[in-house]
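First the structure, in the form of structure tokens, and then the observations on it.
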Amino acid sequence: AQSVTQLDSHVSVSEGTPVLLRCNYSSSYSPSLFWYVQHPNKGLQLLLKYTSAATLVKGINGFEAEFKKSETSFHLTKPSAHMSDAAEYFCVVTHSGTYKYIFGTGTRLKVLA
Amino acid sequence: DSGVTQTPKHLITATGQRVTLRCSPRSGDLSVYWYQQSLDQGLQFLIQYYNGEERAKGNILERFSAQQFPDLHSELNLSSLELGDSALYFCASSLSGKMDEQYFGPGTRLTVT
């Protein structure tokens with residue numbers, strides 16, 4: 001079985017400060033993990049993906065995520081938040097033994113001026 | 001622009017009616033997914049097709065059906081519509097449908113009155 005838990009439903013940061021969005025996963029096989037961003041009334045956009053290559057994955061717009069097998073985590077970070085980062089972020093897990101992708105419940109990021 | 005197109009963008013209809021939502025995947029992608037997103041249920045996976053065949057099923061109601069055609073476009077049919085079916089419906093596509101990233105369309109906003 002596989003599952004994904006986004007530990008915070010809402011995160012607020014000030015512009016220019018670091019962003020940390022937390023994601024824990026459970027998977028019976030080696031997972032593939034993704035982060036997506038959704039701006040209001042828009043479709044989801046892929047930020048980055050992990051597929052068993054480097055454990056530190058760099059994505060678009062300055063985001064990166066680190067795969068930590070021992071902690072079953074795949075947290076999303078950005079050194080300095082920008083107002084345009086305000087959106088909802090989804091962590092997603094899948095693996096080679098299934099066709100199903102499991103989406104987290106999302107974390108809404110608010111960036112304060 | 002993800003390369004996934006969805007029509008129509010907006011749809012307003014009455015309870016009891018039937019509607020069809022259309023999706024064209026990115027060029028070269030063989031797999032299509034349908035999702036429903038509402039405020040109370042969040043993002044729900046409905047169904048996945050790969051090269052015309054149903055591959056995975058999620059929380060799709062019996063009143064809903066989908067198919068993928070030989071040219072790989074897909075249609076989601078919603079019948080006997082209820083107020084609770086009002087939501088954003090997203091289509092996504094991916095190359096193989098297993099462990100690869102999905103690209104999302106802009107969505108169809110369905111309002112049932």
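Every chain in the structure tokens takes a letter, A first, then B, and so on in the order presented; its residues are numbered from 1, and the ligands are numbered from 1 following the presented order.
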Quick check: residues of chain A within 6 Å of chain B, only C-alpha atoms, returned as number ranges by chain.
A: 42-44, 99
Env of Ile60 in chain B: 12 Å cut, atoms = only C-alpha atoms, seq-sep filter 6 positions within chain, self excluded. Answer as JSON, numbers by chain.
{"B": [33, 34, 35, 36, 44, 45, 46, 47, 48, 66, 76, 77, 78, 85]}
Mind checking DSSP for chain A and telling me the strand (DSSP E) residues as a short mmCIF file (atom, residue, chain, number, x, y, z; two decimals) with C-alpha atoms, in the first residue's frame?
data_model
loop_
_atom_site.label_atom_id
_atom_site.label_comp_id
_atom_site.auth_asym_id
_atom_site.auth_seq_id
_atom_site.Cartn_x
_atom_site.Cartn_y
_atom_site.Cartn_z
CA SER A 3 0.07 6.81 1.05
CA VAL A 4 1.23 10.37 1.35
CA THR A 5 0.76 12.84 4.19
CA GLN A 6 1.26 16.55 3.91
CA HIS A 10 -1.54 25.94 5.71
CA VAL A 11 1.88 27.59 5.88
CA SER A 12 2.55 31.33 6.13
CA VAL A 13 5.94 32.90 5.51
CA SER A 14 7.19 36.41 4.98
CA VAL A 19 9.86 27.97 2.68
CA LEU A 20 9.45 24.44 4.03
CA LEU A 21 6.50 22.29 2.99
CA CYS A 23 5.58 15.55 2.98
CA ASN A 24 5.86 12.04 4.36
CA TYR A 25 5.14 8.99 2.26
CA SER A 26 4.59 5.29 2.65
CA PRO A 31 8.71 5.27 -4.89
CA SER A 32 8.56 7.98 -7.45
CA LEU A 33 7.68 11.28 -5.80
CA PHE A 34 6.47 14.55 -7.24
CA TRP A 35 5.60 18.05 -6.12
CA TYR A 36 2.98 20.06 -7.99
CA VAL A 37 1.86 23.65 -7.56
CA GLN A 38 -1.62 24.99 -8.25
CA LEU A 44 -1.52 21.74 -11.49
CA GLN A 45 2.03 22.40 -12.65
CA LEU A 46 4.92 20.02 -12.06
CA LEU A 47 7.60 21.54 -9.81
CA LEU A 48 9.95 18.59 -9.55
CA LYS A 49 10.16 14.80 -9.44
CA TYR A 50 12.26 12.12 -7.77
CA LEU A 56 18.37 16.14 -3.85
CA VAL A 57 16.09 17.20 -6.66
CA LYS A 58 16.04 20.69 -8.11
CA GLU A 64 14.10 21.80 -4.39
CA ALA A 65 13.25 18.66 -2.43
CA GLU A 66 15.30 16.04 -0.67
CA PHE A 67 14.37 12.36 -0.65
CA LYS A 68 15.17 10.83 2.74
CA SER A 73 10.12 12.17 3.73
CA PHE A 74 10.22 14.36 0.64
CA HIS A 75 10.05 17.92 1.94
CA LEU A 76 9.90 20.87 -0.44
CA THR A 77 12.09 23.90 0.24
CA LYS A 78 12.95 27.26 -1.23
CA ALA A 87 -0.43 28.82 -4.10
CA GLU A 88 -1.42 25.29 -3.13
CA TYR A 89 1.21 22.59 -3.24
CA PHE A 90 0.59 18.86 -3.66
CA CYS A 91 2.93 16.00 -2.88
CA VAL A 92 2.34 12.84 -4.96
CA VAL A 93 3.65 9.28 -4.67
CA THR A 94 3.58 6.30 -6.99
CA HIS A 95 5.74 3.22 -7.54
CA ILE A 102 -1.64 9.08 -4.61
CA PHE A 103 -2.05 12.82 -4.04
CA THR A 107 -0.60 22.67 1.60
CA ARG A 108 -1.72 26.23 1.03
CA LEU A 109 1.23 28.60 1.11
CA LYS A 110 0.63 32.21 2.02
CA VAL A 111 3.40 34.76 1.48
CA LEU A 112 3.20 37.91 3.55
#
Residue among B:Leu81, B:Ala87, B:Leu72, B:Leu95 lying closest to Gly16 in chain B, counting only C-alpha atoms
B:Leu81
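Between Glu53 in chain B and the residues B:Val19, B:Leu110, B:Leu30, B:Ala14, the shortest atom-to-atom distance, using only C-alpha atoms, involves B:Leu30.
Going from CA of Ile60 in chain A to CA of Pro8 in chain B covers 29.0 Å.
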One-decimal distance in Å that lies between CA of Gly62 in chain A and CA of Ser96 in chain A
28.5 Å
